[in-house]
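Encoded as structure tokens, the structure appears first; notes follow it.
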Amino acid sequence: MIGSLVHAYTPLILWTGVGALLFRFLPESFPRFLGRSLYWVGVPWQIFALVRETDFSSNIGIVPAVTIATLGTGLTIAWLALRILIWLKTQVKPAWLDKIEPWFPPLDRASQGTFVIAATIGNTGFVGLGLIPALIGDGDLSWAVFFSVTQNLVGTFGVGVLVASHYGRSETQSTPLTLLRDILTVPTLWAFAAAYFTQSIAFPNWAETLCQSSLLFVIPASFLLMGMRLIQLNGIDSLKAAAVPVALKAVILPSLVAIAVTLLGLNHDARLSLIIMAGVPSAFASLILAEEYNLDHNLAASSIALSTIAILVTIPIWLVISY
């Protein structure tokens with residue numbers, strides 16, 4: 001397990017550090033440019049490559065169902081937590097609130113959108129698919145792959161875009177027509193469709209190589225962006241503000257999934273894959289969506305950083321629970 005964690009986190013630490021160093025030499029507008037480039041080009045490229053290699057013939061029913069149920073549960077508990085925080089701060093205002101207020105996230109509209117996305121959507125691609133093979137050895141990887149593909153399609157660039165589009169605009173600007181337009185123009189969904197319908201077509205060697213080379217660029221670019229945003233944070237205070245969404249994402253949600261998969265009687269590989277996927281750190285896509293839709297990129301970066309630290313503690317727990 002230690003080896004798999006080192007393998008997964010070495011590039012994260014390396015490229016995030018490089019991004020933090022480079023930020024001082026780059027224009028202030030560069031992180032937003034990089035985030036939008038990942039949204040429109042990088043992530044669709046990565047999804048296209050992943051989908052072309054995915055076998056959709058097995059587990060096509062239950063895994064997407066479990067993934068969507070996990071997303072729905074995450075959205076529900078995130079929304080309830082957000083409503084409770086707003087109620088405490090604006091309506092009740094108890095005397096003890098001042099003592100714990102530094103642990104509250106900002107509650108403006110942009111921050112609410114980031115809160116929901118960070119508490120719901122995880123990094124199933126790099127961290128999840130990076131850890132699962134080492135944790136289950138020669139076991140069945142299809143559960144993890146299907147979870148990752150479904151979450152990217154339905155969660156990150158489906159639900160995530162809807163949430164980001166809604167909270168990234170004023171209430172008067174967030175209309176059903178606007179939300180529908182944003183969903184229909186998500187480049188990742190078009191990349192998924194293009195890859196799915198061309199699975200049976202053999203590409204020339206150079207084209208296949210170009211597809212698979214996405215990992216050489218997209219993941220480092222995502223980490224560079226995170227490093228540039230982390231260097232702008234206000235130290236420990238920013239991490240405190242991310243405590244609530246990270247607790248929901250790293251502890252509450254995977255605990256609920258652990259109970260559900262146990263009751264369903266799934267085998268060990270399925271249980272471990274689904275629990276780990278539910279508890280992976282907040283998605284790097286939350287930072288990309290924050291850049292694209294003008295959400296709270298500070299809260300997004302803080303949630304990614306704190307949940308990345310949290311998984312070092314939670315993975316041994318999920319390993320024990322899954323047996």
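Chain identifiers are assigned as A, B, and so on, following the order in which chains appear in the structure tokens; residues are numbered from 1 within each chain, and ligands are numbered from 1 in order of appearance.
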How close does each residue of range 21-138 of chain A get to range 146-162 of chain A, giving the shortest atom pair and distance in Å to one decimal for every residue with an atom at most 10 Å away, counting only C-alpha atoms, sorted by chain and residue number, as JSON lines?
```
{"residue": "A:Tyr39", "atom": "CA", "partner": "A:Phe157", "partner_atom": "CA", "distance": 9.5}
{"residue": "A:Val43", "atom": "CA", "partner": "A:Asn152", "partner_atom": "CA", "distance": 9.6}
{"residue": "A:Ile47", "atom": "CA", "partner": "A:Val149", "partner_atom": "CA", "distance": 7.9}
{"residue": "A:Leu50", "atom": "CA", "partner": "A:Val149", "partner_atom": "CA", "distance": 7.9}
{"residue": "A:Val51", "atom": "CA", "partner": "A:Val149", "partner_atom": "CA", "distance": 7.3}
{"residue": "A:Thr54", "atom": "CA", "partner": "A:Phe146", "partner_atom": "CA", "distance": 8.0}
{"residue": "A:Asp55", "atom": "CA", "partner": "A:Phe146", "partner_atom": "CA", "distance": 8.9}
{"residue": "A:Phe56", "atom": "CA", "partner": "A:Phe146", "partner_atom": "CA", "distance": 8.0}
{"residue": "A:Ser58", "atom": "CA", "partner": "A:Phe146", "partner_atom": "CA", "distance": 9.4}
{"residue": "A:Asn59", "atom": "CA", "partner": "A:Phe146", "partner_atom": "CA", "distance": 7.9}
{"residue": "A:Ile60", "atom": "CA", "partner": "A:Phe146", "partner_atom": "CA", "distance": 7.7}
{"residue": "A:Gly61", "atom": "CA", "partner": "A:Phe146", "partner_atom": "CA", "distance": 9.9}
{"residue": "A:Ile62", "atom": "CA", "partner": "A:Phe146", "partner_atom": "CA", "distance": 9.7}
{"residue": "A:Val63", "atom": "CA", "partner": "A:Phe147", "partner_atom": "CA", "distance": 6.2}
{"residue": "A:Pro64", "atom": "CA", "partner": "A:Thr150", "partner_atom": "CA", "distance": 5.9}
{"residue": "A:Ala65", "atom": "CA", "partner": "A:Thr150", "partner_atom": "CA", "distance": 9.1}
{"residue": "A:Val66", "atom": "CA", "partner": "A:Phe147", "partner_atom": "CA", "distance": 8.1}
{"residue": "A:Thr67", "atom": "CA", "partner": "A:Phe147", "partner_atom": "CA", "distance": 5.8}
{"residue": "A:Ile68", "atom": "CA", "partner": "A:Val154", "partner_atom": "CA", "distance": 7.5}
{"residue": "A:Thr70", "atom": "CA", "partner": "A:Gln151", "partner_atom": "CA", "distance": 9.4}
{"residue": "A:Leu71", "atom": "CA", "partner": "A:Gly155", "partner_atom": "CA", "distance": 6.7}
{"residue": "A:Gly72", "atom": "CA", "partner": "A:Gly155", "partner_atom": "CA", "distance": 9.3}
{"residue": "A:Leu75", "atom": "CA", "partner": "A:Val159", "partner_atom": "CA", "distance": 9.2}
{"residue": "A:Gly113", "atom": "CA", "partner": "A:Gly160", "partner_atom": "CA", "distance": 9.1}
{"residue": "A:Thr114", "atom": "CA", "partner": "A:Gly160", "partner_atom": "CA", "distance": 9.5}
{"residue": "A:Val116", "atom": "CA", "partner": "A:Gly160", "partner_atom": "CA", "distance": 8.7}
{"residue": "A:Ile117", "atom": "CA", "partner": "A:Gly160", "partner_atom": "CA", "distance": 6.1}
{"residue": "A:Ala118", "atom": "CA", "partner": "A:Gly160", "partner_atom": "CA", "distance": 9.5}
{"residue": "A:Thr120", "atom": "CA", "partner": "A:Gly155", "partner_atom": "CA", "distance": 8.5}
{"residue": "A:Ile121", "atom": "CA", "partner": "A:Thr156", "partner_atom": "CA", "distance": 6.4}
{"residue": "A:Gly122", "atom": "CA", "partner": "A:Gln151", "partner_atom": "CA", "distance": 8.4}
{"residue": "A:Asn123", "atom": "CA", "partner": "A:Ser148", "partner_atom": "CA", "distance": 8.5}
{"residue": "A:Thr124", "atom": "CA", "partner": "A:Ser148", "partner_atom": "CA", "distance": 5.2}
{"residue": "A:Gly125", "atom": "CA", "partner": "A:Ser148", "partner_atom": "CA", "distance": 6.0}
{"residue": "A:Phe126", "atom": "CA", "partner": "A:Ser148", "partner_atom": "CA", "distance": 9.6}
{"residue": "A:Gly128", "atom": "CA", "partner": "A:Ser148", "partner_atom": "CA", "distance": 7.8}
{"residue": "A:Leu129", "atom": "CA", "partner": "A:Ser148", "partner_atom": "CA", "distance": 7.7}
```
Write out, as a PDB file, in the first residue's frame, the residues just selected, with C-alpha atoms.
```pdb
ATOM      1  CA  TYR A  39     -11.756  22.216 -19.694  1.00  0.00           C
ATOM      2  CA  VAL A  43      -9.886  16.670 -20.157  1.00  0.00           C
ATOM      3  CA  ILE A  47     -11.716  11.006 -21.645  1.00  0.00           C
ATOM      4  CA  LEU A  50      -9.996   6.285 -21.615  1.00  0.00           C
ATOM      5  CA  VAL A  51     -13.324   5.463 -23.257  1.00  0.00           C
ATOM      6  CA  THR A  54     -12.964   0.629 -21.799  1.00  0.00           C
ATOM      7  CA  ASP A  55     -14.914  -2.616 -22.256  1.00  0.00           C
ATOM      8  CA  PHE A  56     -18.573  -1.691 -21.748  1.00  0.00           C
ATOM      9  CA  SER A  58     -19.609  -6.239 -18.437  1.00  0.00           C
ATOM     10  CA  ASN A  59     -21.085  -4.697 -15.278  1.00  0.00           C
ATOM     11  CA  ILE A  60     -22.762  -2.109 -17.478  1.00  0.00           C
ATOM     12  CA  GLY A  61     -25.838  -1.949 -15.269  1.00  0.00           C
ATOM     13  CA  ILE A  62     -24.900  -2.132 -11.617  1.00  0.00           C
ATOM     14  CA  VAL A  63     -21.730  -0.008 -11.583  1.00  0.00           C
ATOM     15  CA  PRO A  64     -23.277   3.076 -13.224  1.00  0.00           C
ATOM     16  CA  ALA A  65     -26.277   2.634 -10.915  1.00  0.00           C
ATOM     17  CA  VAL A  66     -24.044   2.548  -7.822  1.00  0.00           C
ATOM     18  CA  THR A  67     -22.025   5.503  -9.127  1.00  0.00           C
ATOM     19  CA  ILE A  68     -25.118   7.617  -9.772  1.00  0.00           C
ATOM     20  CA  THR A  70     -23.199   7.741  -4.801  1.00  0.00           C
ATOM     21  CA  LEU A  71     -23.344  11.072  -6.635  1.00  0.00           C
ATOM     22  CA  GLY A  72     -26.949  11.573  -5.559  1.00  0.00           C
ATOM     23  CA  LEU A  75     -25.219  15.977  -3.530  1.00  0.00           C
ATOM     24  CA  GLY A 113     -21.133  26.091  -5.800  1.00  0.00           C
ATOM     25  CA  THR A 114     -17.549  25.097  -5.072  1.00  0.00           C
ATOM     26  CA  VAL A 116     -21.174  21.293  -3.381  1.00  0.00           C
ATOM     27  CA  ILE A 117     -18.769  20.176  -6.130  1.00  0.00           C
ATOM     28  CA  ALA A 118     -15.838  19.600  -3.741  1.00  0.00           C
ATOM     29  CA  THR A 120     -19.521  15.422  -4.086  1.00  0.00           C
ATOM     30  CA  ILE A 121     -17.116  14.775  -6.966  1.00  0.00           C
ATOM     31  CA  GLY A 122     -13.802  12.975  -6.498  1.00  0.00           C
ATOM     32  CA  ASN A 123     -10.570  12.435  -8.386  1.00  0.00           C
ATOM     33  CA  THR A 124     -11.461   8.951  -9.602  1.00  0.00           C
ATOM     34  CA  GLY A 125      -9.201   9.257 -12.650  1.00  0.00           C
ATOM     35  CA  PHE A 126      -5.653   9.849 -11.482  1.00  0.00           C
ATOM     36  CA  GLY A 128      -8.587   6.395  -7.940  1.00  0.00           C
ATOM     37  CA  LEU A 129      -7.339   4.467 -10.962  1.00  0.00           C
TER      38      LEU A 129
END
```
Next on the checklist: I want to know what sits within 10 Å of Gln212 in chain A, based on only C-alpha atoms, with residues of the same chain fewer than 2 positions away left out; could you give that as a list in words?
Outcome noted: Trp45, Gln46, Phe48, Ala49, Leu50, Arg52, Glu53, Ala207, Glu208, Thr209, Leu210, Ser214, Leu215 and Leu216 of chain A
Item to check | Backbone DSSP call of alpha helix (DSSP H) for range 50-286 of chain A, listed as a PyMOL selection string | outcome: chain A and resi 50-53+62-87+97-100+109-120+129-136+142-150+160-167+176-184+187-197+205-212+214-230+236-241+243-247+253-264+268-279+285-286
Just the selected residues (C-alpha atoms), exported as a short mmCIF file (atom, residue, chain, number, x, y, z; two decimals), in the first residue's frame, please.
```
data_model
loop_
_atom_site.label_atom_id
_atom_site.label_comp_id
_atom_site.auth_asym_id
_atom_site.auth_seq_id
_atom_site.Cartn_x
_atom_site.Cartn_y
_atom_site.Cartn_z
CA LEU A 50 -10.00 6.29 -21.61
CA VAL A 51 -13.32 5.46 -23.26
CA ARG A 52 -11.69 3.91 -26.32
CA GLU A 53 -9.94 1.41 -24.00
CA ILE A 62 -24.90 -2.13 -11.62
CA VAL A 63 -21.73 -0.01 -11.58
CA PRO A 64 -23.28 3.08 -13.22
CA ALA A 65 -26.28 2.63 -10.91
CA VAL A 66 -24.04 2.55 -7.82
CA THR A 67 -22.03 5.50 -9.13
CA ILE A 68 -25.12 7.62 -9.77
CA ALA A 69 -26.51 6.66 -6.36
CA THR A 70 -23.20 7.74 -4.80
CA LEU A 71 -23.34 11.07 -6.63
CA GLY A 72 -26.95 11.57 -5.56
CA THR A 73 -26.08 10.82 -1.94
CA GLY A 74 -23.09 13.18 -2.08
CA LEU A 75 -25.22 15.98 -3.53
CA THR A 76 -27.89 15.45 -0.89
CA ILE A 77 -25.57 15.56 2.13
CA ALA A 78 -23.63 18.51 0.64
CA TRP A 79 -26.84 20.47 0.07
CA LEU A 80 -28.12 19.66 3.58
CA ALA A 81 -24.80 20.64 5.17
CA LEU A 82 -24.79 23.89 3.22
CA ARG A 83 -28.33 24.72 4.31
CA ILE A 84 -27.43 24.03 7.97
CA LEU A 85 -24.34 26.27 7.75
CA ILE A 86 -26.33 29.10 6.20
CA TRP A 87 -29.09 28.65 8.80
CA LEU A 97 -20.48 30.17 16.46
CA ASP A 98 -17.67 32.74 16.69
CA LYS A 99 -15.31 30.07 18.04
CA ILE A 100 -15.77 27.69 15.12
CA ARG A 109 -22.92 32.20 -4.09
CA ALA A 110 -19.65 31.28 -5.85
CA SER A 111 -18.36 29.50 -2.74
CA GLN A 112 -21.59 27.55 -2.32
CA GLY A 113 -21.13 26.09 -5.80
CA THR A 114 -17.55 25.10 -5.07
CA PHE A 115 -18.62 23.60 -1.72
CA VAL A 116 -21.17 21.29 -3.38
CA ILE A 117 -18.77 20.18 -6.13
CA ALA A 118 -15.84 19.60 -3.74
CA ALA A 119 -18.00 17.57 -1.34
CA THR A 120 -19.52 15.42 -4.09
CA LEU A 129 -7.34 4.47 -10.96
CA GLY A 130 -3.78 5.01 -9.76
CA LEU A 131 -4.41 3.35 -6.41
CA ILE A 132 -6.90 0.56 -7.17
CA PRO A 133 -4.60 -1.69 -9.28
CA ALA A 134 -1.96 -1.71 -6.55
CA LEU A 135 -4.52 -2.34 -3.82
CA ILE A 136 -6.33 -5.28 -5.43
CA SER A 142 -13.74 -3.20 -14.15
CA TRP A 143 -15.63 -1.80 -11.15
CA ALA A 144 -13.11 1.01 -10.72
CA VAL A 145 -12.92 1.80 -14.45
CA PHE A 146 -16.71 1.91 -14.84
CA PHE A 147 -17.07 4.09 -11.73
CA SER A 148 -14.48 6.54 -13.07
CA VAL A 149 -16.01 6.77 -16.55
CA THR A 150 -19.56 7.15 -15.17
CA GLY A 160 -20.75 19.36 -11.87
CA VAL A 161 -21.36 21.64 -14.85
CA LEU A 162 -24.99 22.18 -13.82
CA VAL A 163 -23.94 23.16 -10.29
CA ALA A 164 -21.11 25.38 -11.55
CA SER A 165 -23.33 27.02 -14.16
CA HIS A 166 -26.08 27.66 -11.60
CA TYR A 167 -23.89 29.11 -8.85
CA PRO A 176 -33.24 26.28 -17.39
CA LEU A 177 -32.35 27.30 -20.94
CA THR A 178 -28.91 28.53 -19.85
CA LEU A 179 -28.24 25.33 -17.90
CA LEU A 180 -29.32 23.20 -20.87
CA ARG A 181 -27.04 25.16 -23.19
CA ASP A 182 -24.08 24.69 -20.85
CA ILE A 183 -24.68 20.93 -20.65
CA LEU A 184 -25.04 20.53 -24.41
CA PRO A 187 -16.72 19.23 -24.63
CA THR A 188 -16.12 16.15 -22.48
CA LEU A 189 -19.56 14.74 -23.30
CA TRP A 190 -18.89 15.11 -27.01
CA ALA A 191 -15.49 13.46 -26.54
CA PHE A 192 -17.17 10.53 -24.76
CA ALA A 193 -19.69 10.09 -27.58
CA ALA A 194 -16.99 10.29 -30.26
CA ALA A 195 -14.83 7.71 -28.48
CA TYR A 196 -17.73 5.35 -27.76
CA PHE A 197 -18.94 5.26 -31.35
CA ASN A 205 -0.55 3.74 -34.83
CA TRP A 206 0.36 7.41 -34.69
CA ALA A 207 -3.25 8.36 -33.84
CA GLU A 208 -3.46 5.75 -31.06
CA THR A 209 -0.18 7.01 -29.65
CA LEU A 210 -1.48 10.57 -29.76
CA CYS A 211 -4.65 9.53 -27.89
CA GLN A 212 -2.78 7.70 -25.16
CA SER A 214 -2.95 12.61 -23.03
CA LEU A 215 -1.77 11.39 -19.62
CA LEU A 216 1.65 12.90 -20.29
CA PHE A 217 0.12 16.35 -20.56
CA VAL A 218 -3.27 16.55 -18.87
CA ILE A 219 -2.32 15.28 -15.41
CA PRO A 220 0.86 17.42 -15.08
CA ALA A 221 -1.09 20.46 -16.32
CA SER A 222 -3.80 19.83 -13.69
CA PHE A 223 -1.18 19.67 -10.96
CA LEU A 224 0.54 22.81 -12.25
CA LEU A 225 -2.80 24.62 -12.00
CA MET A 226 -3.31 23.38 -8.45
CA GLY A 227 0.18 24.54 -7.45
CA MET A 228 -0.50 28.00 -8.87
CA ARG A 229 -3.71 28.28 -6.89
CA LEU A 230 -2.32 26.78 -3.68
CA ILE A 236 -3.88 27.22 7.47
CA ASP A 237 -6.94 29.52 7.47
CA SER A 238 -7.75 28.46 3.91
CA LEU A 239 -7.45 24.77 4.84
CA LYS A 240 -9.76 25.30 7.81
CA ALA A 241 -12.42 26.68 5.47
CA ALA A 243 -12.78 21.20 6.53
CA VAL A 244 -16.53 20.70 6.16
CA PRO A 245 -16.68 19.73 2.46
CA VAL A 246 -13.62 17.49 2.91
CA ALA A 247 -15.19 15.73 5.90
CA LEU A 253 -19.74 9.64 1.76
CA PRO A 254 -17.40 6.59 1.61
CA SER A 255 -18.77 5.39 4.96
CA LEU A 256 -22.28 5.40 3.54
CA VAL A 257 -21.05 3.60 0.40
CA ALA A 258 -19.28 1.02 2.60
CA ILE A 259 -22.56 0.25 4.36
CA ALA A 260 -24.45 0.03 1.04
CA VAL A 261 -22.00 -2.30 -0.75
CA THR A 262 -21.85 -4.56 2.29
CA LEU A 263 -25.64 -4.85 2.34
CA LEU A 264 -25.59 -5.59 -1.41
CA HIS A 268 -14.12 -7.94 -2.04
CA ASP A 269 -12.79 -6.35 -5.24
CA ALA A 270 -16.09 -4.59 -5.88
CA ARG A 271 -16.43 -3.40 -2.27
CA LEU A 272 -12.90 -2.03 -2.06
CA SER A 273 -13.07 -0.39 -5.50
CA LEU A 274 -16.35 1.38 -4.81
CA ILE A 275 -15.40 2.52 -1.29
CA ILE A 276 -12.02 3.87 -2.44
CA MET A 277 -13.61 5.59 -5.46
CA ALA A 278 -16.21 7.24 -3.21
CA GLY A 279 -13.52 8.49 -0.83
CA ALA A 285 -11.98 19.18 -12.15
CA SER A 286 -13.53 21.25 -9.34
#
```
Checklist entry - Excluding same-chain residues fewer than 6 positions from Gly168 in chain A, what lies within 6 Å of it counting only C-alpha atoms, as a list of chain:residue names? => result A:Ala110, A:Tyr293, A:Asn294, A:Leu295
Store the residues picked out above, limited to C-alpha atoms, as a PDB file, in the first residue's frame.
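Okay, part.pdb is ready:
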```pdb
ATOM      1  CA  ALA A 110     -19.646  31.280  -5.849  1.00  0.00           C
ATOM      2  CA  TYR A 293     -17.494  29.434 -14.247  1.00  0.00           C
ATOM      3  CA  ASN A 294     -15.908  31.974 -11.878  1.00  0.00           C
ATOM      4  CA  LEU A 295     -16.492  30.000  -8.694  1.00  0.00           C
TER       5      LEU A 295
END
```
